[in-house]
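Shown next: start28.pdb, containing PDB, C-alpha atoms, pLDDT in the B column.
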ATOM      1  CA  GLY V   7    -133.926 -85.994  16.962  1.00 70.00           C
ATOM      2  CA  ALA V   8    -136.701 -88.563  17.461  1.00 85.00           C
ATOM      3  CA  VAL V   9    -139.419 -86.120  18.404  1.00 89.00           C
ATOM      4  CA  VAL V  10    -143.049 -87.129  18.708  1.00 93.00           C
ATOM      5  CA  SER V  11    -145.809 -84.548  18.752  1.00 94.00           C
ATOM      6  CA  GLN V  12    -149.472 -84.766  19.624  1.00 96.00           C
ATOM      7  CA  HIS V  13    -152.322 -82.532  18.623  1.00 97.00           C
ATOM      8  CA  PRO V  14    -154.279 -81.145  20.282  1.00 97.00           C
ATOM      9  CA  SER V  15    -152.624 -80.861  23.669  1.00 95.00           C
ATOM     10  CA  ARG V  16    -155.976 -80.256  25.296  1.00 96.00           C
ATOM     11  CA  VAL V  17    -159.501 -80.783  24.061  1.00 97.00           C
ATOM     12  CA  ILE V  18    -162.913 -80.406  25.616  1.00 97.00           C
ATOM     13  CA  CYS V  19    -165.878 -82.012  23.919  1.00 96.00           C
ATOM     14  CA  LYS V  20    -169.490 -82.657  24.703  1.00 96.00           C
ATOM     15  CA  SER V  21    -170.800 -86.068  25.582  1.00 97.00           C
ATOM     16  CA  GLY V  22    -171.827 -88.010  22.483  1.00 97.00           C
ATOM     17  CA  THR V  23    -169.450 -86.300  20.101  1.00 97.00           C
ATOM     18  CA  SER V  24    -166.258 -87.713  18.604  1.00 97.00           C
ATOM     19  CA  VAL V  25    -162.771 -86.332  18.943  1.00 98.00           C
ATOM     20  CA  LYS V  26    -159.618 -87.118  16.999  1.00 98.00           C
ATOM     21  CA  ILE V  27    -156.122 -87.030  18.457  1.00 98.00           C
ATOM     22  CA  GLU V  28    -153.080 -86.996  16.192  1.00 97.00           C
ATOM     23  CA  CYS V  29    -149.680 -88.462  16.918  1.00 96.00           C
ATOM     24  CA  ARG V  30    -146.839 -87.509  14.608  1.00 96.00           C
ATOM     25  CA  SER V  31    -143.229 -88.528  14.384  1.00 94.00           C
ATOM     26  CA  LEU V  32    -141.540 -85.300  13.304  1.00 94.00           C
ATOM     27  CA  ASP V  33    -138.121 -86.386  12.181  1.00 92.00           C
ATOM     28  CA  PHE V  34    -138.348 -90.110  11.644  1.00 93.00           C
ATOM     29  CA  GLN V  35    -140.615 -92.742  10.201  1.00 93.00           C
ATOM     30  CA  ALA V  36    -142.400 -95.069  12.571  1.00 91.00           C
ATOM     31  CA  THR V  37    -143.959 -98.300  11.423  1.00 88.00           C
ATOM     32  CA  THR V  38    -145.211 -98.907  14.938  1.00 91.00           C
ATOM     33  CA  MET V  39    -146.852 -96.500  17.332  1.00 94.00           C
ATOM     34  CA  PHE V  40    -148.477 -97.138  20.670  1.00 94.00           C
ATOM     35  CA  TRP V  41    -151.418 -95.492  22.402  1.00 96.00           C
ATOM     36  CA  TYR V  42    -151.551 -95.286  26.183  1.00 95.00           C
ATOM     37  CA  ARG V  43    -154.162 -93.930  28.535  1.00 95.00           C
ATOM     38  CA  GLN V  44    -153.429 -92.389  31.898  1.00 90.00           C
ATOM     39  CA  PHE V  45    -156.048 -91.668  34.536  1.00 85.00           C
ATOM     40  CA  PRO V  46    -155.296 -89.023  37.174  1.00 79.00           C
ATOM     41  CA  LYS V  47    -152.639 -90.203  39.589  1.00 76.00           C
ATOM     42  CA  GLN V  48    -152.518 -93.536  37.810  1.00 82.00           C
ATOM     43  CA  SER V  49    -150.087 -95.374  35.617  1.00 86.00           C
ATOM     44  CA  LEU V  50    -150.078 -95.529  31.864  1.00 89.00           C
ATOM     45  CA  MET V  51    -152.114 -98.357  30.447  1.00 93.00           C
ATOM     46  CA  LEU V  52    -151.434 -99.604  26.952  1.00 93.00           C
ATOM     47  CA  MET V  53    -154.554 -99.326  24.813  1.00 95.00           C
ATOM     48  CA  ALA V  54    -153.350-100.499  21.436  1.00 94.00           C
ATOM     49  CA  THR V  55    -150.449-101.013  19.097  1.00 93.00           C
ATOM     50  CA  SER V  56    -150.745 -99.219  15.796  1.00 91.00           C
ATOM     51  CA  ASN V  57    -148.965-100.590  12.744  1.00 89.00           C
ATOM     52  CA  GLU V  58    -148.702 -98.626   9.534  1.00 88.00           C
ATOM     53  CA  GLY V  59    -150.903-100.012   6.842  1.00 86.00           C
ATOM     54  CA  SER V  60    -152.643-102.603   8.970  1.00 87.00           C
ATOM     55  CA  LYS V  61    -155.243-102.861  11.665  1.00 89.00           C
ATOM     56  CA  ALA V  62    -154.343-101.882  15.177  1.00 93.00           C
ATOM     57  CA  THR V  63    -153.957-104.493  17.868  1.00 93.00           C
ATOM     58  CA  TYR V  64    -156.045-103.661  20.908  1.00 95.00           C
ATOM     59  CA  GLU V  65    -155.360-104.690  24.467  1.00 93.00           C
ATOM     60  CA  GLN V  66    -157.909-106.750  26.309  1.00 92.00           C
ATOM     61  CA  GLY V  67    -160.788-104.649  27.565  1.00 93.00           C
ATOM     62  CA  VAL V  68    -160.292-101.795  25.101  1.00 95.00           C
ATOM     63  CA  GLU V  69    -163.268-101.273  22.818  1.00 94.00           C
ATOM     64  CA  LYS V  70    -161.947-101.092  19.284  1.00 93.00           C
ATOM     65  CA  ASP V  71    -165.189 -99.627  17.962  1.00 95.00           C
ATOM     66  CA  LYS V  72    -164.992 -96.827  20.466  1.00 96.00           C
ATOM     67  CA  PHE V  73    -161.311 -96.052  20.138  1.00 97.00           C
ATOM     68  CA  LEU V  74    -160.602 -96.031  16.426  1.00 96.00           C
ATOM     69  CA  ILE V  75    -156.948 -96.061  15.475  1.00 95.00           C
ATOM     70  CA  ASN V  76    -155.656 -95.273  12.018  1.00 92.00           C
ATOM     71  CA  HIS V  77    -151.994 -95.434  11.055  1.00 91.00           C
ATOM     72  CA  ALA V  78    -152.216 -94.367   7.450  1.00 83.00           C
ATOM     73  CA  SER V  79    -148.676 -93.107   7.023  1.00 91.00           C
ATOM     74  CA  LEU V  80    -145.256 -93.694   8.500  1.00 92.00           C
ATOM     75  CA  THR V  81    -145.408 -90.425  10.412  1.00 94.00           C
ATOM     76  CA  LEU V  82    -149.007 -90.219  11.570  1.00 95.00           C
ATOM     77  CA  SER V  83    -151.301 -92.260  13.764  1.00 95.00           C
ATOM     78  CA  THR V  84    -154.695 -91.022  14.875  1.00 96.00           C
ATOM     79  CA  LEU V  85    -156.907 -92.027  17.757  1.00 97.00           C
ATOM     80  CA  THR V  86    -160.575 -91.177  17.443  1.00 97.00           C
ATOM     81  CA  VAL V  87    -162.728 -91.426  20.526  1.00 97.00           C
ATOM     82  CA  THR V  88    -166.230 -92.002  19.220  1.00 97.00           C
ATOM     83  CA  SER V  89    -169.388 -91.089  21.092  1.00 96.00           C
ATOM     84  CA  ALA V  90    -167.331 -89.805  23.951  1.00 97.00           C
ATOM     85  CA  HIS V  91    -168.619 -90.005  27.512  1.00 96.00           C
ATOM     86  CA  PRO V  92    -167.335 -88.363  30.687  1.00 95.00           C
ATOM     87  CA  GLU V  93    -165.629 -91.606  31.714  1.00 94.00           C
ATOM     88  CA  ASP V  94    -163.439 -91.279  28.616  1.00 96.00           C
ATOM     89  CA  SER V  95    -161.895 -88.161  30.095  1.00 95.00           C
ATOM     90  CA  SER V  96    -158.249 -88.959  30.491  1.00 95.00           C
ATOM     91  CA  PHE V  97    -154.701 -88.194  29.419  1.00 93.00           C
ATOM     92  CA  TYR V  98    -153.842 -89.961  26.186  1.00 96.00           C
ATOM     93  CA  ILE V  99    -150.191 -90.480  25.317  1.00 95.00           C
ATOM     94  CA  CYS V 100    -148.758 -91.905  22.153  1.00 95.00           C
ATOM     95  CA  SER V 101    -145.310 -93.246  21.491  1.00 94.00           C
ATOM     96  CA  ALA V 102    -143.416 -94.270  18.403  1.00 92.00           C
ATOM     97  CA  ARG V 103    -140.783 -96.882  17.853  1.00 89.00           C
ATOM     98  CA  PHE V 104    -137.602 -95.829  16.114  1.00 86.00           C
ATOM     99  CA  ASP V 105    -134.208 -97.474  15.894  1.00 82.00           C
ATOM    100  CA  GLY V 106    -135.076 -99.881  18.677  1.00 77.00           C
ATOM    101  CA  GLU V 107    -136.252 -97.198  21.060  1.00 81.00           C
ATOM    102  CA  GLN V 108    -139.639 -95.844  22.083  1.00 86.00           C
ATOM    103  CA  TYR V 109    -140.252 -92.103  22.038  1.00 89.00           C
ATOM    104  CA  PHE V 110    -143.233 -90.542  23.781  1.00 91.00           C
ATOM    105  CA  GLY V 111    -145.411 -87.647  22.772  1.00 93.00           C
ATOM    106  CA  PRO V 112    -146.367 -84.913  25.246  1.00 91.00           C
ATOM    107  CA  GLY V 113    -149.895 -86.236  25.682  1.00 93.00           C
ATOM    108  CA  THR V 114    -153.432 -84.992  25.046  1.00 95.00           C
ATOM    109  CA  ARG V 115    -155.766 -84.070  27.872  1.00 94.00           C
ATOM    110  CA  LEU V 116    -159.336 -85.003  26.910  1.00 96.00           C
ATOM    111  CA  THR V 117    -162.233 -83.685  28.958  1.00 96.00           C
ATOM    112  CA  VAL V 118    -165.744 -84.824  28.094  1.00 97.00           C
ATOM    113  CA  THR V 119    -168.514 -82.696  29.536  1.00 96.00           C
TER     114      THR V 119
ATOM    115  CA  ALA B   5    -146.946-111.975  32.654  1.00 70.00           C
ATOM    116  CA  GLN B   6    -145.021-108.790  33.126  1.00 78.00           C
ATOM    117  CA  SER B   7    -145.753-106.587  36.096  1.00 87.00           C
ATOM    118  CA  VAL B   8    -144.108-103.696  37.845  1.00 93.00           C
ATOM    119  CA  THR B   9    -144.569-102.644  41.441  1.00 95.00           C
ATOM    120  CA  GLN B  10    -143.605 -99.283  42.830  1.00 96.00           C
ATOM    121  CA  PRO B  11    -144.298 -99.652  46.548  1.00 95.00           C
ATOM    122  CA  ASP B  12    -144.138 -95.961  47.386  1.00 95.00           C
ATOM    123  CA  ILE B  13    -146.977 -93.784  46.111  1.00 94.00           C
ATOM    124  CA  HIS B  14    -145.546 -90.586  47.574  1.00 95.00           C
ATOM    125  CA  ILE B  15    -142.072 -89.685  48.781  1.00 97.00           C
ATOM    126  CA  THR B  16    -140.967 -86.418  50.331  1.00 97.00           C
ATOM    127  CA  VAL B  17    -137.311 -85.490  50.590  1.00 97.00           C
ATOM    128  CA  SER B  18    -135.472 -82.336  51.509  1.00 97.00           C
ATOM    129  CA  GLU B  19    -133.527 -80.541  48.846  1.00 97.00           C
ATOM    130  CA  GLY B  20    -129.955 -81.779  48.885  1.00 97.00           C
ATOM    131  CA  ALA B  21    -130.865 -85.099  50.477  1.00 98.00           C
ATOM    132  CA  SER B  22    -130.370 -88.424  48.762  1.00 97.00           C
ATOM    133  CA  LEU B  23    -133.195 -90.234  47.027  1.00 97.00           C
ATOM    134  CA  GLU B  24    -134.083 -93.828  46.333  1.00 98.00           C
ATOM    135  CA  LEU B  25    -137.232 -94.859  44.502  1.00 98.00           C
ATOM    136  CA  ARG B  26    -138.093 -98.524  44.597  1.00 98.00           C
ATOM    137  CA  CYS B  27    -139.156-100.693  41.713  1.00 97.00           C
ATOM    138  CA  ASN B  28    -139.791-104.429  41.655  1.00 96.00           C
ATOM    139  CA  TYR B  29    -140.664-106.343  38.533  1.00 93.00           C
ATOM    140  CA  SER B  30    -142.022-109.698  37.597  1.00 89.00           C
ATOM    141  CA  TYR B  31    -140.919-111.079  34.272  1.00 82.00           C
ATOM    142  CA  GLY B  32    -140.127-114.521  32.970  1.00 73.00           C
ATOM    143  CA  ALA B  33    -137.127-113.669  30.857  1.00 76.00           C
ATOM    144  CA  THR B  34    -134.430-111.042  30.884  1.00 77.00           C
ATOM    145  CA  PRO B  35    -136.312-107.791  31.221  1.00 86.00           C
ATOM    146  CA  TYR B  36    -135.752-104.483  29.571  1.00 91.00           C
ATOM    147  CA  LEU B  37    -136.119-101.963  32.405  1.00 93.00           C
ATOM    148  CA  PHE B  38    -136.748 -98.244  32.237  1.00 94.00           C
ATOM    149  CA  TRP B  39    -137.242 -95.238  34.469  1.00 96.00           C
ATOM    150  CA  TYR B  40    -139.240 -92.287  33.182  1.00 94.00           C
ATOM    151  CA  VAL B  41    -140.051 -88.928  34.722  1.00 95.00           C
ATOM    152  CA  GLN B  42    -143.242 -87.009  34.084  1.00 91.00           C
ATOM    153  CA  SER B  43    -143.755 -83.405  35.073  1.00 86.00           C
ATOM    154  CA  PRO B  44    -147.330 -82.166  35.595  1.00 78.00           C
ATOM    155  CA  GLY B  45    -149.292 -82.223  32.359  1.00 70.00           C
ATOM    156  CA  GLN B  46    -146.259 -83.364  30.395  1.00 74.00           C
ATOM    157  CA  GLY B  47    -145.222 -86.452  28.508  1.00 78.00           C
ATOM    158  CA  LEU B  48    -142.597 -88.913  29.607  1.00 87.00           C
ATOM    159  CA  GLN B  49    -138.881 -88.337  29.608  1.00 89.00           C
ATOM    160  CA  LEU B  50    -136.546 -91.299  29.700  1.00 90.00           C
ATOM    161  CA  LEU B  51    -134.105 -91.116  32.595  1.00 95.00           C
ATOM    162  CA  LEU B  52    -132.257 -94.362  32.014  1.00 94.00           C
ATOM    163  CA  LYS B  53    -132.634 -97.918  30.853  1.00 92.00           C
ATOM    164  CA  TYR B  54    -131.121-101.333  31.429  1.00 92.00           C
ATOM    165  CA  PHE B  55    -130.876-104.110  28.904  1.00 87.00           C
ATOM    166  CA  SER B  56    -127.753-106.029  29.820  1.00 86.00           C
ATOM    167  CA  GLY B  57    -124.189-105.589  30.984  1.00 87.00           C
ATOM    168  CA  ASP B  58    -123.174-103.457  33.917  1.00 90.00           C
ATOM    169  CA  THR B  59    -125.961-103.614  36.469  1.00 92.00           C
ATOM    170  CA  LEU B  60    -125.380-100.041  37.607  1.00 96.00           C
ATOM    171  CA  VAL B  61    -126.800 -97.724  34.991  1.00 96.00           C
ATOM    172  CA  GLN B  62    -126.158 -94.011  34.750  1.00 97.00           C
ATOM    173  CA  GLY B  63    -128.843 -91.739  33.398  1.00 96.00           C
ATOM    174  CA  ILE B  64    -129.578 -88.110  32.798  1.00 95.00           C
ATOM    175  CA  LYS B  65    -129.962 -85.422  35.466  1.00 95.00           C
ATOM    176  CA  GLY B  66    -127.626 -87.241  37.848  1.00 97.00           C
ATOM    177  CA  PHE B  67    -129.837 -90.316  38.272  1.00 98.00           C
ATOM    178  CA  GLU B  68    -128.619 -93.881  38.436  1.00 98.00           C
ATOM    179  CA  ALA B  69    -130.292 -97.236  38.905  1.00 98.00           C
ATOM    180  CA  GLU B  70    -129.096-100.654  39.908  1.00 96.00           C
ATOM    181  CA  PHE B  71    -130.447-103.889  38.499  1.00 95.00           C
ATOM    182  CA  LYS B  72    -130.534-106.693  41.036  1.00 94.00           C
ATOM    183  CA  ARG B  73    -131.735-109.899  39.485  1.00 91.00           C
ATOM    184  CA  SER B  74    -131.824-111.776  42.807  1.00 91.00           C
ATOM    185  CA  GLN B  75    -134.231-109.211  44.222  1.00 93.00           C
ATOM    186  CA  SER B  76    -136.093-108.502  40.970  1.00 93.00           C
ATOM    187  CA  SER B  77    -135.458-104.858  41.628  1.00 95.00           C
ATOM    188  CA  PHE B  78    -134.404-101.821  39.657  1.00 97.00           C
ATOM    189  CA  ASN B  79    -134.238 -98.969  42.155  1.00 98.00           C
ATOM    190  CA  LEU B  80    -133.585 -95.407  41.090  1.00 98.00           C
ATOM    191  CA  ARG B  81    -131.172 -93.252  43.065  1.00 98.00           C
ATOM    192  CA  LYS B  82    -129.853 -89.719  43.160  1.00 98.00           C
ATOM    193  CA  PRO B  83    -127.247 -88.544  45.655  1.00 97.00           C
ATOM    194  CA  SER B  84    -128.557 -84.983  46.028  1.00 97.00           C
ATOM    195  CA  VAL B  85    -132.064 -83.984  45.049  1.00 98.00           C
ATOM    196  CA  HIS B  86    -132.876 -80.598  43.507  1.00 96.00           C
ATOM    197  CA  TRP B  87    -136.221 -78.835  43.768  1.00 95.00           C
ATOM    198  CA  SER B  88    -136.665 -79.289  40.029  1.00 94.00           C
ATOM    199  CA  ASP B  89    -136.705 -83.066  40.520  1.00 96.00           C
ATOM    200  CA  ALA B  90    -140.216 -82.885  41.952  1.00 96.00           C
ATOM    201  CA  ALA B  91    -142.301 -84.935  39.533  1.00 96.00           C
ATOM    202  CA  GLU B  92    -143.894 -88.307  38.971  1.00 94.00           C
ATOM    203  CA  TYR B  93    -141.515 -91.199  38.382  1.00 96.00           C
ATOM    204  CA  PHE B  94    -142.463 -94.357  36.547  1.00 95.00           C
ATOM    205  CA  CYS B  95    -140.643 -97.643  36.363  1.00 96.00           C
ATOM    206  CA  ALA B  96    -141.426 -99.764  33.318  1.00 94.00           C
ATOM    207  CA  VAL B  97    -140.581-103.181  31.949  1.00 92.00           C
ATOM    208  CA  GLY B  98    -140.645-104.419  28.388  1.00 87.00           C
ATOM    209  CA  SER B  99    -139.867-107.550  26.487  1.00 78.00           C
ATOM    210  CA  ASN B 100    -137.595-105.705  24.135  1.00 71.00           C
ATOM    211  CA  SER B 101    -136.382-102.237  23.427  1.00 63.00           C
ATOM    212  CA  GLY B 102    -138.883-100.238  21.434  1.00 67.00           C
ATOM    213  CA  TYR B 103    -141.785-102.485  22.319  1.00 78.00           C
ATOM    214  CA  ALA B 104    -144.864-101.662  24.385  1.00 83.00           C
ATOM    215  CA  LEU B 105    -144.106-101.148  28.025  1.00 88.00           C
ATOM    216  CA  ASN B 106    -145.757-102.219  31.235  1.00 90.00           C
ATOM    217  CA  PHE B 107    -145.649 -99.353  33.709  1.00 93.00           C
ATOM    218  CA  GLY B 108    -145.752 -99.229  37.468  1.00 94.00           C
ATOM    219  CA  LYS B 109    -148.267 -96.964  39.181  1.00 92.00           C
ATOM    220  CA  GLY B 110    -145.683 -94.283  39.718  1.00 94.00           C
ATOM    221  CA  THR B 111    -144.104 -92.529  42.683  1.00 96.00           C
ATOM    222  CA  SER B 112    -144.812 -88.879  43.277  1.00 95.00           C
ATOM    223  CA  LEU B 113    -141.743 -87.028  44.535  1.00 97.00           C
ATOM    224  CA  LEU B 114    -142.090 -83.877  46.597  1.00 97.00           C
ATOM    225  CA  VAL B 115    -138.985 -81.858  47.371  1.00 97.00           C
ATOM    226  CA  THR B 116    -139.073 -79.551  50.381  1.00 96.00           C
ATOM    227  CA  PRO B 117    -136.775 -76.582  50.944  1.00 93.00           C
TER     228      PRO B 117
END
Would you mind writing the structure in this file as structure tokens?
Amino acid sequence: GAVVSQHPSRVICKSGTSVKIECRSLDFQATTMFWYRQFPKQSLMLMATSNEGSKATYEQGVEKDKFLINHASLTLSTLTVTSAHPEDSSFYICSARFDGEQYFGPGTRLTVT
Amino acid sequence: AQSVTQPDIHITVSEGASLELRCNYSYGATPYLFWYVQSPGQGLQLLLKYFSGDTLVQGIKGFEAEFKRSQSSFNLRKPSVHWSDAAEYFCAVGSNSGYALNFGKGTSLLVTP
């Protein structure tokens, strides 16, 4: 139980376009999900906390207009990278809170050309 | 503020040898401490966690970790490493279980024959 999925697993997009990443809790409901970003050979950095039915809380230095987060249901949070640039290329990982624990998705590799 | 330091960026051990990965944390209150493993291109898998109680924690895959408050450390150990243990290992600290985590930069483990 407590499985989190992400879609797509890999995506390549052109500079200036937008891309949406989905994070789903498959067998539980999650009122809170988290979005992390991981650069190559680096640690995971928390980008934002996503709460169902309310606005996301962004960490300092994360542009909320560039990284749009929507948590419209108890099983789905989406991260949209708007007007993507090559420096946005990264590994994006979501996690969901359930029963006092945090469960991580497998990640999405975004490459912006 | 929370912070996690993993002093070793890379560690190489021979298969069958023992392993210790270091983790030091900085946190004002009683920390929630975690060790995760990440295989290439994969999400995070929880190895073990410490909240309270016995300071020696047993995890999956034969790993254990010891919480030492006096040294602000939570080092990960395994008595005999297998080739399949080669991966990236992250130590993390949180204010509570299920809340956003602050990760260390990770230690890359290479296992030689």
Apply the ChimeraX specification (/V :<9) & /B to the file shown and report the selected residues as a ChimeraX atom specification. /B:45-50,92,94,100-110,112
Evaluate the PyMOL selection byres ((chain B and resi 22-32) around 10) and report residues as a count of residues only: 55
Quick one, how far is CA of Leu85 in chain V from CA of Glu69 in chain V? 12.3 Å
Can you pull out every residue within 9 Å of range 76-80 of chain V, counting all atoms listed in the file, but drop anything in the same chain fewer than 2 positions away, and send it as a list in words?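 That gives Arg30, Ser31, Phe34, Gln35, Ala36, Thr37, Thr38, Met39, Ser56, Asn57, Glu58, Gly59, Ser60, Lys61, Ala62, Leu74, Leu82, Ser83, Thr84, Leu85 and Thr86 of chain V.
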Any chance you can output those residues with C-alpha atoms as a compact mmCIF listing (two decimals), in the coordinates of the input?
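Saved file again.txt follows:
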# COMPACT_ATOMS: atom_id res chain seq x y z
CA ARG V 30 -146.84 -87.51 14.61
CA SER V 31 -143.23 -88.53 14.38
CA PHE V 34 -138.35 -90.11 11.64
CA GLN V 35 -140.62 -92.74 10.20
CA ALA V 36 -142.40 -95.07 12.57
CA THR V 37 -143.96 -98.30 11.42
CA THR V 38 -145.21 -98.91 14.94
CA MET V 39 -146.85 -96.50 17.33
CA SER V 56 -150.74 -99.22 15.80
CA ASN V 57 -148.96 -100.59 12.74
CA GLU V 58 -148.70 -98.63 9.53
CA GLY V 59 -150.90 -100.01 6.84
CA SER V 60 -152.64 -102.60 8.97
CA LYS V 61 -155.24 -102.86 11.66
CA ALA V 62 -154.34 -101.88 15.18
CA LEU V 74 -160.60 -96.03 16.43
CA LEU V 82 -149.01 -90.22 11.57
CA SER V 83 -151.30 -92.26 13.76
CA THR V 84 -154.70 -91.02 14.88
CA LEU V 85 -156.91 -92.03 17.76
CA THR V 86 -160.57 -91.18 17.44
Distance CA of Ser89 in chain V-CA of Gly67 in chain V, one decimal place?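 These atoms are spaced 17.3 Å apart.
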Give as a PyMOL selection string each residue that has an atom at most 7 Å from (-127.5, -100.7, 35.1) in the file, counting only C-alpha atoms. chain B and resi 54+58-62+69-71
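Every protein, DNA or RNA residue with an atom at most 7 Å from Ile64 in chain B, where only C-alpha atoms count and chain neighbours fewer than 2 positions away do not, is listed here: Leu51, Leu52, Gly66 and Phe67 of chain B.
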For range 47-51 of chain V, what centre and edge lengths in Å (one decimal) does the axis-aligned box get once 3 Å is added on each side of all its listed atoms, as AutoDock Vina command-line options?
--center_x -151.4 --center_y -94.3 --center_z 35.0 --size_x 8.6 --size_y 14.2 --size_z 15.1
Output range 34-41 of chain V as a PDB file, in the coordinates of the input, making sure all heavy atoms are there.
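Below is the file that was written, out_20.pdb:
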ATOM      1  N   PHE V  34    -138.657 -88.728  11.955  1.00 93.00           N
ATOM      2  CA  PHE V  34    -138.348 -90.110  11.644  1.00 93.00           C
ATOM      3  C   PHE V  34    -139.639 -90.803  11.206  1.00 93.00           C
ATOM      4  O   PHE V  34    -140.734 -90.281  11.409  1.00 93.00           O
ATOM      5  CB  PHE V  34    -137.733 -90.841  12.846  1.00 93.00           C
ATOM      6  CG  PHE V  34    -138.650 -90.986  14.035  1.00 93.00           C
ATOM      7  CD1 PHE V  34    -139.367 -92.155  14.252  1.00 93.00           C
ATOM      8  CD2 PHE V  34    -138.789 -89.943  14.947  1.00 93.00           C
ATOM      9  CE1 PHE V  34    -140.197 -92.288  15.352  1.00 93.00           C
ATOM     10  CE2 PHE V  34    -139.619 -90.062  16.040  1.00 93.00           C
ATOM     11  CZ  PHE V  34    -140.330 -91.246  16.246  1.00 93.00           C
ATOM     12  N   GLN V  35    -139.461 -91.949  10.611  1.00 93.00           N
ATOM     13  CA  GLN V  35    -140.615 -92.742  10.201  1.00 93.00           C
ATOM     14  C   GLN V  35    -140.831 -93.871  11.202  1.00 93.00           C
ATOM     15  O   GLN V  35    -139.876 -94.523  11.635  1.00 93.00           O
ATOM     16  CB  GLN V  35    -140.384 -93.311   8.793  1.00 93.00           C
ATOM     17  CG  GLN V  35    -140.351 -92.225   7.729  1.00 93.00           C
ATOM     18  CD  GLN V  35    -140.195 -92.799   6.327  1.00 93.00           C
ATOM     19  OE1 GLN V  35    -139.575 -93.839   6.151  1.00 93.00           O
ATOM     20  NE2 GLN V  35    -140.775 -92.140   5.341  1.00 93.00           N
ATOM     21  N   ALA V  36    -142.067 -94.076  11.549  1.00 91.00           N
ATOM     22  CA  ALA V  36    -142.400 -95.069  12.571  1.00 91.00           C
ATOM     23  C   ALA V  36    -143.422 -96.057  12.028  1.00 91.00           C
ATOM     24  O   ALA V  36    -144.567 -95.683  11.779  1.00 91.00           O
ATOM     25  CB  ALA V  36    -142.940 -94.380  13.825  1.00 91.00           C
ATOM     26  N   THR V  37    -143.003 -97.284  11.862  1.00 88.00           N
ATOM     27  CA  THR V  37    -143.959 -98.300  11.423  1.00 88.00           C
ATOM     28  C   THR V  37    -144.874 -98.727  12.557  1.00 88.00           C
ATOM     29  O   THR V  37    -145.958 -99.236  12.321  1.00 88.00           O
ATOM     30  CB  THR V  37    -143.225 -99.536  10.885  1.00 88.00           C
ATOM     31  OG1 THR V  37    -142.337-100.017  11.905  1.00 88.00           O
ATOM     32  CG2 THR V  37    -142.423 -99.200   9.643  1.00 88.00           C
ATOM     33  N   THR V  38    -144.422 -98.504  13.770  1.00 91.00           N
ATOM     34  CA  THR V  38    -145.211 -98.907  14.938  1.00 91.00           C
ATOM     35  C   THR V  38    -145.345 -97.748  15.908  1.00 91.00           C
ATOM     36  O   THR V  38    -144.357 -97.106  16.256  1.00 91.00           O
ATOM     37  CB  THR V  38    -144.573-100.098  15.670  1.00 91.00           C
ATOM     38  OG1 THR V  38    -144.456-101.193  14.765  1.00 91.00           O
ATOM     39  CG2 THR V  38    -145.426-100.519  16.855  1.00 91.00           C
ATOM     40  N   MET V  39    -146.572 -97.493  16.298  1.00 94.00           N
ATOM     41  CA  MET V  39    -146.852 -96.500  17.332  1.00 94.00           C
ATOM     42  C   MET V  39    -147.743 -97.151  18.379  1.00 94.00           C
ATOM     43  O   MET V  39    -148.462 -98.107  18.097  1.00 94.00           O
ATOM     44  CB  MET V  39    -147.539 -95.264  16.737  1.00 94.00           C
ATOM     45  CG  MET V  39    -146.634 -94.446  15.822  1.00 94.00           C
ATOM     46  SD  MET V  39    -147.466 -92.950  15.235  1.00 94.00           S
ATOM     47  CE  MET V  39    -146.136 -92.122  14.371  1.00 94.00           C
ATOM     48  N   PHE V  40    -147.689 -96.611  19.570  1.00 94.00           N
ATOM     49  CA  PHE V  40    -148.477 -97.138  20.670  1.00 94.00           C
ATOM     50  C   PHE V  40    -149.358 -96.034  21.255  1.00 94.00           C
ATOM     51  O   PHE V  40    -148.971 -94.881  21.292  1.00 94.00           O
ATOM     52  CB  PHE V  40    -147.571 -97.673  21.793  1.00 94.00           C
ATOM     53  CG  PHE V  40    -146.572 -98.703  21.347  1.00 94.00           C
ATOM     54  CD1 PHE V  40    -145.278 -98.325  21.033  1.00 94.00           C
ATOM     55  CD2 PHE V  40    -146.928-100.039  21.251  1.00 94.00           C
ATOM     56  CE1 PHE V  40    -144.347 -99.267  20.620  1.00 94.00           C
ATOM     57  CE2 PHE V  40    -146.010-100.989  20.842  1.00 94.00           C
ATOM     58  CZ  PHE V  40    -144.726-100.601  20.522  1.00 94.00           C
ATOM     59  N   TRP V  41    -150.528 -96.427  21.716  1.00 96.00           N
ATOM     60  CA  TRP V  41    -151.418 -95.492  22.402  1.00 96.00           C
ATOM     61  C   TRP V  41    -151.621 -95.958  23.836  1.00 96.00           C
ATOM     62  O   TRP V  41    -151.971 -97.111  24.086  1.00 96.00           O
ATOM     63  CB  TRP V  41    -152.758 -95.387  21.682  1.00 96.00           C
ATOM     64  CG  TRP V  41    -152.681 -94.610  20.408  1.00 96.00           C
ATOM     65  CD1 TRP V  41    -152.518 -95.102  19.142  1.00 96.00           C
ATOM     66  CD2 TRP V  41    -152.739 -93.192  20.275  1.00 96.00           C
ATOM     67  NE1 TRP V  41    -152.467 -94.075  18.229  1.00 96.00           N
ATOM     68  CE2 TRP V  41    -152.607 -92.895  18.903  1.00 96.00           C
ATOM     69  CE3 TRP V  41    -152.899 -92.137  21.174  1.00 96.00           C
ATOM     70  CZ2 TRP V  41    -152.629 -91.577  18.411  1.00 96.00           C
ATOM     71  CZ3 TRP V  41    -152.915 -90.844  20.698  1.00 96.00           C
ATOM     72  CH2 TRP V  41    -152.786 -90.566  19.328  1.00 96.00           C
TER      73      TRP V  41
END
